[in-house]
file protein_30.cif (mmCIF, C-alpha atoms)
data_run
loop_
_atom_site.label_atom_id
_atom_site.label_comp_id
_atom_site.auth_asym_id
_atom_site.auth_seq_id
_atom_site.Cartn_x
_atom_site.Cartn_y
_atom_site.Cartn_z
CA MET A 1 0.00 0.00 0.00
CA ASP A 2 2.81 2.35 0.98
CA SER A 3 4.52 1.88 -2.33
CA LEU A 4 1.30 2.82 -4.14
CA PHE A 5 1.10 6.28 -2.58
CA PRO A 6 3.57 8.09 -4.89
CA LEU A 7 1.81 6.59 -7.89
CA ILE A 8 -1.59 7.81 -6.71
CA LEU A 9 -0.16 11.25 -5.98
CA PHE A 10 1.36 11.37 -9.46
CA GLY A 11 -1.98 10.39 -10.99
CA VAL A 12 -3.91 13.00 -8.99
CA LEU A 13 -1.42 15.73 -9.94
CA LEU A 14 -1.59 14.68 -13.58
CA VAL A 15 -5.40 14.82 -13.66
CA THR A 16 -5.60 18.13 -11.74
CA GLY A 17 -2.97 19.61 -14.03
CA PHE A 18 -4.83 18.40 -17.11
CA ILE A 19 -8.24 19.73 -16.01
CA PHE A 20 -7.33 23.03 -14.27
CA GLY A 21 -4.34 23.78 -16.47
CA GLY A 22 -6.51 23.32 -19.57
CA ILE A 23 -9.25 25.59 -18.21
CA ALA A 24 -6.72 28.23 -17.14
CA GLU A 25 -5.04 28.20 -20.54
CA ARG A 26 -8.32 28.55 -22.48
CA CYS A 27 -9.40 31.45 -20.22
CA HIS A 28 -6.02 33.11 -20.63
CA TYR A 29 -6.10 32.82 -24.42
CA ALA A 30 -9.65 34.24 -24.51
CA SER A 31 -8.54 37.19 -22.37
CA ILE A 32 -5.43 37.75 -24.50
CA ARG A 33 -7.48 37.82 -27.72
CA GLU A 34 -10.05 40.17 -26.20
CA ARG A 35 -7.41 42.65 -24.97
CA GLU A 36 -5.47 42.40 -28.23
CA ARG A 37 -8.60 43.61 -30.02
CA GLN A 38 -8.98 46.51 -27.60
CA LEU A 39 -5.35 47.59 -27.97
CA ALA A 40 -5.03 46.94 -31.70
CA ASP A 41 -4.82 50.67 -32.51
CA ILE A 42 -1.42 51.01 -30.84
CA LEU A 43 1.03 50.04 -33.57
CA LEU A 44 4.16 48.08 -32.75
CA VAL A 45 7.23 49.10 -34.74
CA PRO A 46 10.27 46.88 -34.20
CA GLY A 47 12.42 49.22 -36.31
CA LYS A 48 14.73 51.80 -34.81
CA GLN A 49 13.05 54.90 -36.23
CA PRO A 50 9.50 56.14 -35.62
CA PRO A 51 7.18 56.33 -38.67
CA GLU A 52 7.81 59.32 -40.97
CA GLY A 53 5.80 62.51 -40.86
CA LEU A 54 4.58 62.43 -37.29
CA GLY A 55 5.24 66.08 -36.52
CA ASP A 56 5.64 67.09 -32.91
CA CYS A 57 5.74 64.20 -30.49
CA SER A 58 7.22 63.12 -27.18
CA THR A 59 8.47 59.72 -26.10
CA ALA A 60 8.13 57.51 -23.05
CA PHE A 61 9.82 54.31 -21.93
CA VAL A 62 7.24 51.53 -21.53
CA CYS A 63 7.59 47.91 -20.51
CA GLY A 64 5.53 44.93 -19.46
CA SER A 65 6.38 41.55 -17.98
CA ALA A 66 4.71 38.24 -17.27
CA VAL A 67 5.70 35.00 -15.54
CA ILE A 68 3.76 31.98 -16.77
CA GLY A 69 4.06 28.48 -15.33
CA MET A 70 3.30 25.14 -16.95
CA ASP A 71 0.88 22.63 -15.40
CA TYR A 72 1.92 19.17 -14.20
CA PHE A 73 0.28 17.31 -17.07
CA LYS A 74 2.05 19.35 -19.71
CA LYS A 75 5.32 19.06 -17.86
CA ALA A 76 5.04 15.26 -17.88
CA LEU A 77 4.02 15.32 -21.55
CA ALA A 78 6.94 17.61 -22.42
CA ALA A 79 9.39 15.32 -20.60
CA PHE A 80 8.07 12.37 -22.58
CA VAL A 81 8.21 14.16 -25.95
CA ASN A 82 11.65 15.48 -25.08
CA PHE A 83 12.78 11.88 -24.67
CA LEU A 84 11.60 11.02 -28.19
CA GLY A 85 12.63 14.36 -29.73
CA GLY A 86 10.57 16.61 -31.96
CA ARG A 87 8.36 19.62 -31.62
CA ILE A 88 7.23 20.25 -28.02
CA GLY A 89 3.85 21.96 -28.32
CA ALA A 90 3.49 22.35 -24.56
CA TYR A 91 6.52 24.64 -24.36
CA GLU A 92 5.47 26.57 -27.45
CA THR A 93 2.13 27.63 -25.98
CA LEU A 94 3.84 28.51 -22.69
CA VAL A 95 6.31 30.90 -24.28
CA GLU A 96 3.70 32.31 -26.64
CA ARG A 97 1.32 33.12 -23.78
CA ALA A 98 4.06 34.79 -21.76
CA ARG A 99 5.20 36.87 -24.73
CA ARG A 100 1.74 37.98 -25.79
CA GLU A 101 0.86 38.85 -22.19
CA ALA A 102 4.05 40.90 -21.81
CA ILE A 103 3.30 42.76 -25.06
CA LEU A 104 -0.24 43.48 -23.87
CA ARG A 105 0.99 44.90 -20.57
CA MET A 106 3.49 47.07 -22.42
CA LYS A 107 0.64 48.31 -24.66
CA GLU A 108 -1.52 49.02 -21.60
CA GLU A 109 1.25 51.18 -20.20
CA ALA A 110 1.56 52.97 -23.55
CA ARG A 111 -2.20 53.56 -23.52
CA ARG A 112 -1.92 55.23 -20.10
CA GLU A 113 0.73 57.53 -21.57
CA ASN A 114 -1.50 58.25 -24.64
CA GLY A 115 1.06 56.63 -26.96
CA ARG A 116 0.08 55.75 -30.51
CA TYR A 117 3.14 53.76 -31.54
CA ILE A 118 5.73 51.69 -29.72
CA CYS A 119 9.13 51.73 -31.43
CA ASN A 120 12.25 49.64 -31.10
CA ILE A 121 10.69 46.80 -29.14
CA LYS A 122 13.02 44.39 -27.38
CA PHE A 123 12.37 41.16 -25.51
CA SER A 124 14.23 39.53 -22.70
CA THR A 125 13.54 36.05 -21.30
CA ALA A 126 14.70 34.68 -17.97
CA ASN A 127 14.24 31.74 -15.66
CA ILE A 128 13.65 32.45 -11.96
CA MET A 129 12.61 28.98 -10.88
CA GLY A 130 15.97 27.32 -11.39
CA GLN A 131 17.23 24.57 -13.62
CA LYS A 132 16.16 21.55 -11.59
CA ALA A 133 14.05 19.16 -13.65
CA LYS A 134 11.17 19.30 -11.17
CA GLN A 135 11.04 23.07 -11.16
CA ALA A 136 11.54 23.82 -14.83
CA GLY A 137 8.55 24.83 -16.91
CA CYS A 138 8.05 28.43 -15.97
CA VAL A 139 9.05 31.30 -18.18
CA GLU A 140 9.54 35.02 -17.59
CA VAL A 141 9.33 37.52 -20.42
CA ILE A 142 9.98 41.26 -20.34
CA ALA A 143 8.92 43.32 -23.35
CA TYR A 144 10.00 46.95 -23.57
CA GLY A 145 10.09 49.78 -26.05
CA THR A 146 9.62 53.49 -26.62
CA ALA A 147 6.08 54.83 -26.84
CA ILE A 148 5.56 57.71 -29.26
CA VAL A 149 3.00 60.29 -28.14
CA PRO A 150 1.97 62.68 -30.96
CA HIS A 151 1.10 66.16 -29.69
CA ASP A 152 -1.73 66.86 -32.14
CA SER A 153 -4.06 64.30 -30.52
CA MET B 154 14.22 61.69 -11.21
CA THR B 155 11.14 61.87 -13.44
CA SER B 156 12.72 64.60 -15.56
CA LEU B 157 15.18 62.07 -16.97
CA LEU B 158 14.06 60.71 -20.32
CA LEU B 159 14.47 57.02 -21.09
CA SER B 160 14.25 55.66 -24.60
CA THR B 161 15.11 52.46 -26.45
CA MET B 162 15.79 54.49 -29.58
CA GLU B 163 19.06 56.08 -30.63
CA THR B 164 17.54 59.50 -31.25
CA VAL B 165 14.59 61.40 -29.83
CA PRO B 166 12.21 63.16 -32.22
CA GLY B 167 12.41 66.95 -31.91
CA HIS B 168 15.65 66.85 -29.92
CA VAL B 169 19.30 67.01 -30.74
CA ILE B 170 22.10 65.31 -28.80
CA ARG B 171 24.44 67.97 -27.40
CA LYS B 172 26.79 65.78 -25.43
CA HIS B 173 27.54 62.10 -25.23
CA LEU B 174 28.47 60.92 -21.73
CA GLY B 175 29.01 57.20 -22.27
CA LEU B 176 27.57 54.03 -20.80
CA VAL B 177 25.51 54.03 -17.61
CA GLN B 178 24.25 50.89 -15.96
CA GLY B 179 22.28 49.63 -13.00
CA SER B 180 21.53 46.15 -11.76
CA SER B 181 19.52 44.59 -9.01
CA VAL B 182 19.14 41.09 -7.59
CA ARG B 183 16.02 40.43 -5.56
CA SER B 184 14.09 37.49 -4.24
CA LYS B 185 10.73 36.87 -2.61
CA HIS B 186 10.30 35.48 0.88
CA PHE B 187 9.92 31.75 1.44
CA GLY B 188 6.11 31.87 1.58
CA ARG B 189 5.88 33.36 -1.88
CA ASP B 190 8.25 30.74 -3.29
CA LEU B 191 6.10 28.00 -1.77
CA MET B 192 2.89 29.47 -3.18
CA ALA B 193 4.51 29.85 -6.59
CA SER B 194 5.62 26.22 -6.70
CA LEU B 195 2.09 25.15 -5.68
CA LYS B 196 0.58 27.34 -8.38
CA ASN B 197 3.02 25.88 -10.87
CA MET B 198 1.25 22.49 -10.48
CA VAL B 199 -1.76 23.81 -12.36
CA GLY B 200 0.13 26.27 -14.54
CA GLY B 201 -0.94 29.80 -15.32
CA GLU B 202 0.50 33.12 -14.29
CA LEU B 203 2.72 33.22 -11.19
CA LYS B 204 1.75 36.65 -9.85
CA GLY B 205 4.34 36.66 -7.08
CA TYR B 206 7.15 36.23 -9.59
CA THR B 207 5.72 38.76 -12.02
CA GLU B 208 5.76 41.24 -9.15
CA LEU B 209 9.32 40.24 -8.25
CA LEU B 210 10.46 40.82 -11.81
CA GLN B 211 8.74 44.20 -11.92
CA GLU B 212 10.32 45.40 -8.66
CA THR B 213 13.75 44.22 -9.74
CA ARG B 214 13.43 45.92 -13.10
CA ASP B 215 12.24 49.21 -11.57
CA GLU B 216 15.16 49.19 -9.16
CA ALA B 217 17.71 48.47 -11.89
CA LEU B 218 16.28 51.31 -14.00
CA GLU B 219 16.31 53.63 -10.98
CA ARG B 220 19.98 52.88 -10.29
CA MET B 221 20.85 53.50 -13.90
CA GLN B 222 18.97 56.81 -13.80
CA ALA B 223 20.76 57.79 -10.59
CA GLU B 224 24.11 57.17 -12.27
CA ALA B 225 23.04 59.19 -15.31
CA VAL B 226 21.93 62.10 -13.13
CA SER B 227 25.19 62.03 -11.20
CA ILE B 228 27.22 62.57 -14.38
CA GLY B 229 24.94 65.37 -15.53
CA ALA B 230 22.82 63.71 -18.21
CA ASN B 231 19.20 64.56 -18.90
CA ALA B 232 18.36 61.47 -20.92
CA VAL B 233 19.40 57.84 -21.35
CA LEU B 234 19.08 56.49 -24.88
CA ASN B 235 19.32 53.02 -26.33
CA VAL B 236 18.21 51.44 -23.04
CA ARG B 237 18.49 47.65 -22.87
CA LEU B 238 17.35 45.22 -20.20
CA ALA B 239 18.85 41.80 -19.59
CA THR B 240 17.70 39.21 -17.08
CA SER B 241 19.37 36.17 -15.61
CA SER B 242 18.81 33.83 -12.74
CA VAL B 243 21.65 33.74 -10.25
CA ALA B 244 19.87 31.44 -7.79
CA THR B 245 16.55 29.61 -7.55
CA GLY B 246 13.79 32.07 -6.70
CA ALA B 247 15.95 35.12 -7.33
CA ALA B 248 15.96 37.39 -10.34
CA GLU B 249 18.71 39.62 -11.61
CA VAL B 250 17.85 42.46 -13.93
CA PHE B 251 20.56 44.49 -15.56
CA ALA B 252 19.75 47.78 -17.29
CA TYR B 253 22.19 49.76 -19.42
CA GLY B 254 22.11 52.64 -21.84
CA THR B 255 23.90 55.68 -23.19
CA ALA B 256 23.76 58.84 -21.09
CA VAL B 257 23.41 62.00 -23.15
CA VAL B 258 22.57 65.66 -22.82
CA LEU B 259 19.57 66.44 -25.01
CA GLU B 260 18.47 69.82 -26.24
CA ALA B 261 14.98 70.47 -27.59
CA LEU B 262 14.85 71.92 -31.09
CA PRO B 263 12.59 74.93 -31.59
CA ALA B 264 9.12 73.58 -32.38
CA THR B 265 8.48 73.17 -36.08
CA ALA B 266 5.24 74.79 -37.14
#
call {"tool": "encode", "arguments": {"input": "protein_30.cif", "output": "structure tokens"}}
result
Amino acid sequence: MDSLFPLILFGVLLVTGFIFGGIAERCHYASIRERERQLADILLVPGKQPPEGLGDCSTAFVCGSAVIGMDYFKKALAAFVNFLGGRIGAYETLVERARREAILRMKEEARRENGRYICNIKFSTANIMGQKAKQAGCVEVIAYGTAIVPHDS
Amino acid sequence: MTSLLLSTMETVPGHVIRKHLGLVQGSSVRSKHFGRDLMASLKNMVGGELKGYTELLQETRDEALERMQAEAVSIGANAVLNVRLATSSVATGAAEVFAYGTAVVLEALPATA
């Protein structure tokens, strides 16, 4: 019986991760899409120069960050796929969510500053949780750039 | 401190660079208390955003930027251009953010009609 306990715990974690992680991810994606629609009028310009012909404008430094973790089910799945090699979808959605969330937060800050464009956007990714196999599966993204605030608005 | 302009661009529209003062930098390493780490690892079971760590990253970044601005002010700059942020993990549960940029003295051009 004692030897069964870790197995049961593993199963429970797997199922909870699958159910709640799945719900959380769908909710997060819905919220990301909704806010992306609301903030679509702020243009992102990865180039170094602001668009031509803007006239008088001021600038502001804006940034946004997000830390997103991966659920237990996906972690187990990723470990298994990693063993076989190939595309790991679980990690792809994780990084995509973190990046889109960070961009949205940066845009929200630009909106507060009345910015219409964000130029020269840079990304930085880090790992706070450490490299231990059990703790991996959480990603931190910082997005930052320069918001352009035209004066005629 | 708010009068200092930060920008990720190399130039600022409507301004001209009068003086170039070289590289300024600021870094900060911070961590959350044990309780927050525990909560984060529990939350990581089901995935989703780890709010405690997002907050940690934000505080660390603000402090690194503040230190960089302080250095820029101390050498007489009124703007820092080409700002870059870099992050790394020096220990589990701790974040290091490193901010650097070019300190300059900007002068506003007369407004173009």
call {"tool": "resolve_selection", "arguments": {"input": "protein_30.cif", "expression": "the PyMOL selection byres ((chain A) within 7 of (chain B))", "output": "ChimeraX atom specification"}}
result
/A:16-17,20-21,24-25,48,56-57,60-61,65-72,120,124-130,145-146
call {"tool": "resolve_selection", "arguments": {"input": "protein_30.cif", "expression": "the PyMOL selection byres ((chain A and resi 105-118) around 9)", "output": "PyMOL selection string"}}
result
chain A and resi 39+41-46+50-51+58-66+100-104+119-121+142-150+153
call {"tool": "write_last_selection", "arguments": {"input": "protein_30.cif", "atoms": "C-alpha atoms", "output": "mmCIF file, in the coordinates of the input"}}
result
data_model
loop_
_atom_site.group_PDB
_atom_site.id
_atom_site.type_symbol
_atom_site.label_atom_id
_atom_site.label_comp_id
_atom_site.auth_asym_id
_atom_site.auth_seq_id
_atom_site.Cartn_x
_atom_site.Cartn_y
_atom_site.Cartn_z
ATOM 1 C CA LEU A 39 -5.350 47.590 -27.970
ATOM 2 C CA ASP A 41 -4.820 50.670 -32.510
ATOM 3 C CA ILE A 42 -1.420 51.010 -30.840
ATOM 4 C CA LEU A 43 1.030 50.040 -33.570
ATOM 5 C CA LEU A 44 4.160 48.080 -32.750
ATOM 6 C CA VAL A 45 7.230 49.100 -34.740
ATOM 7 C CA PRO A 46 10.270 46.880 -34.200
ATOM 8 C CA PRO A 50 9.500 56.140 -35.620
ATOM 9 C CA PRO A 51 7.180 56.330 -38.670
ATOM 10 C CA SER A 58 7.220 63.120 -27.180
ATOM 11 C CA THR A 59 8.470 59.720 -26.100
ATOM 12 C CA ALA A 60 8.130 57.510 -23.050
ATOM 13 C CA PHE A 61 9.820 54.310 -21.930
ATOM 14 C CA VAL A 62 7.240 51.530 -21.530
ATOM 15 C CA CYS A 63 7.590 47.910 -20.510
ATOM 16 C CA GLY A 64 5.530 44.930 -19.460
ATOM 17 C CA SER A 65 6.380 41.550 -17.980
ATOM 18 C CA ALA A 66 4.710 38.240 -17.270
ATOM 19 C CA ARG A 100 1.740 37.980 -25.790
ATOM 20 C CA GLU A 101 0.860 38.850 -22.190
ATOM 21 C CA ALA A 102 4.050 40.900 -21.810
ATOM 22 C CA ILE A 103 3.300 42.760 -25.060
ATOM 23 C CA LEU A 104 -0.240 43.480 -23.870
ATOM 24 C CA CYS A 119 9.130 51.730 -31.430
ATOM 25 C CA ASN A 120 12.250 49.640 -31.100
ATOM 26 C CA ILE A 121 10.690 46.800 -29.140
ATOM 27 C CA ILE A 142 9.980 41.260 -20.340
ATOM 28 C CA ALA A 143 8.920 43.320 -23.350
ATOM 29 C CA TYR A 144 10.000 46.950 -23.570
ATOM 30 C CA GLY A 145 10.090 49.780 -26.050
ATOM 31 C CA THR A 146 9.620 53.490 -26.620
ATOM 32 C CA ALA A 147 6.080 54.830 -26.840
ATOM 33 C CA ILE A 148 5.560 57.710 -29.260
ATOM 34 C CA VAL A 149 3.000 60.290 -28.140
ATOM 35 C CA PRO A 150 1.970 62.680 -30.960
ATOM 36 C CA SER A 153 -4.060 64.300 -30.520
#
call {"tool": "atom_distance", "arguments": {"input": "protein_30.cif", "atom1": "atom CA of B:Glu219", "atom2": "atom CA of B:Gln178"}}
result
9.8 Å
call {"tool": "resolve_selection", "arguments": {"input": "protein_30.cif", "expression": "the PyMOL selection byres ((chain A and resi 83-90) around 12)", "output": "PDB file with C-alpha atoms, in the coordinates of the input"}}
result
ATOM      1  CA  PHE A  18      -4.830  18.400 -17.110  1.00  0.00           C
ATOM      2  CA  GLY A  21      -4.340  23.780 -16.470  1.00  0.00           C
ATOM      3  CA  GLY A  22      -6.510  23.320 -19.570  1.00  0.00           C
ATOM      4  CA  GLU A  25      -5.040  28.200 -20.540  1.00  0.00           C
ATOM      5  CA  GLY A  69       4.060  28.480 -15.330  1.00  0.00           C
ATOM      6  CA  MET A  70       3.300  25.140 -16.950  1.00  0.00           C
ATOM      7  CA  ASP A  71       0.880  22.630 -15.400  1.00  0.00           C
ATOM      8  CA  TYR A  72       1.920  19.170 -14.200  1.00  0.00           C
ATOM      9  CA  PHE A  73       0.280  17.310 -17.070  1.00  0.00           C
ATOM     10  CA  LYS A  74       2.050  19.350 -19.710  1.00  0.00           C
ATOM     11  CA  LYS A  75       5.320  19.060 -17.860  1.00  0.00           C
ATOM     12  CA  ALA A  76       5.040  15.260 -17.880  1.00  0.00           C
ATOM     13  CA  LEU A  77       4.020  15.320 -21.550  1.00  0.00           C
ATOM     14  CA  ALA A  78       6.940  17.610 -22.420  1.00  0.00           C
ATOM     15  CA  ALA A  79       9.390  15.320 -20.600  1.00  0.00           C
ATOM     16  CA  PHE A  80       8.070  12.370 -22.580  1.00  0.00           C
ATOM     17  CA  VAL A  81       8.210  14.160 -25.950  1.00  0.00           C
ATOM     18  CA  ASN A  82      11.650  15.480 -25.080  1.00  0.00           C
ATOM     19  CA  TYR A  91       6.520  24.640 -24.360  1.00  0.00           C
ATOM     20  CA  GLU A  92       5.470  26.570 -27.450  1.00  0.00           C
ATOM     21  CA  THR A  93       2.130  27.630 -25.980  1.00  0.00           C
ATOM     22  CA  LEU A  94       3.840  28.510 -22.690  1.00  0.00           C
ATOM     23  CA  VAL A  95       6.310  30.900 -24.280  1.00  0.00           C
ATOM     24  CA  GLU A  96       3.700  32.310 -26.640  1.00  0.00           C
ATOM     25  CA  ARG A  97       1.320  33.120 -23.780  1.00  0.00           C
ATOM     26  CA  GLY A 137       8.550  24.830 -16.910  1.00  0.00           C
ATOM     27  CA  CYS A 138       8.050  28.430 -15.970  1.00  0.00           C
TER      28      CYS A 138
ATOM     29  CA  GLY B 200       0.130  26.270 -14.540  1.00  0.00           C
TER      30      GLY B 200
END
call {"tool": "axis_aligned_box", "arguments": {"input": "protein_30.cif", "around": "stretch 186-192 of chain B", "padding_each_side": "4 Å", "output": "lines of an AutoDock Vina configuration file"}}
result
center_x = 6.6
center_y = 31.7
center_z = -0.9
size_x = 15.4
size_y = 15.5
size_z = 12.9
call {"tool": "atom_distance", "arguments": {"input": "protein_30.cif", "atom1": "atom CA of B:Ala252", "atom2": "atom CA of B:Arg220"}}
result
8.7 Å
call {"tool": "closest_residue", "arguments": {"input": "protein_30.cif", "among": "B:Leu157, B:Leu195, B:Val169, B:Ala232", "to": "B:Ala261", "atoms": "only C-alpha atoms"}}
result
B:Val169
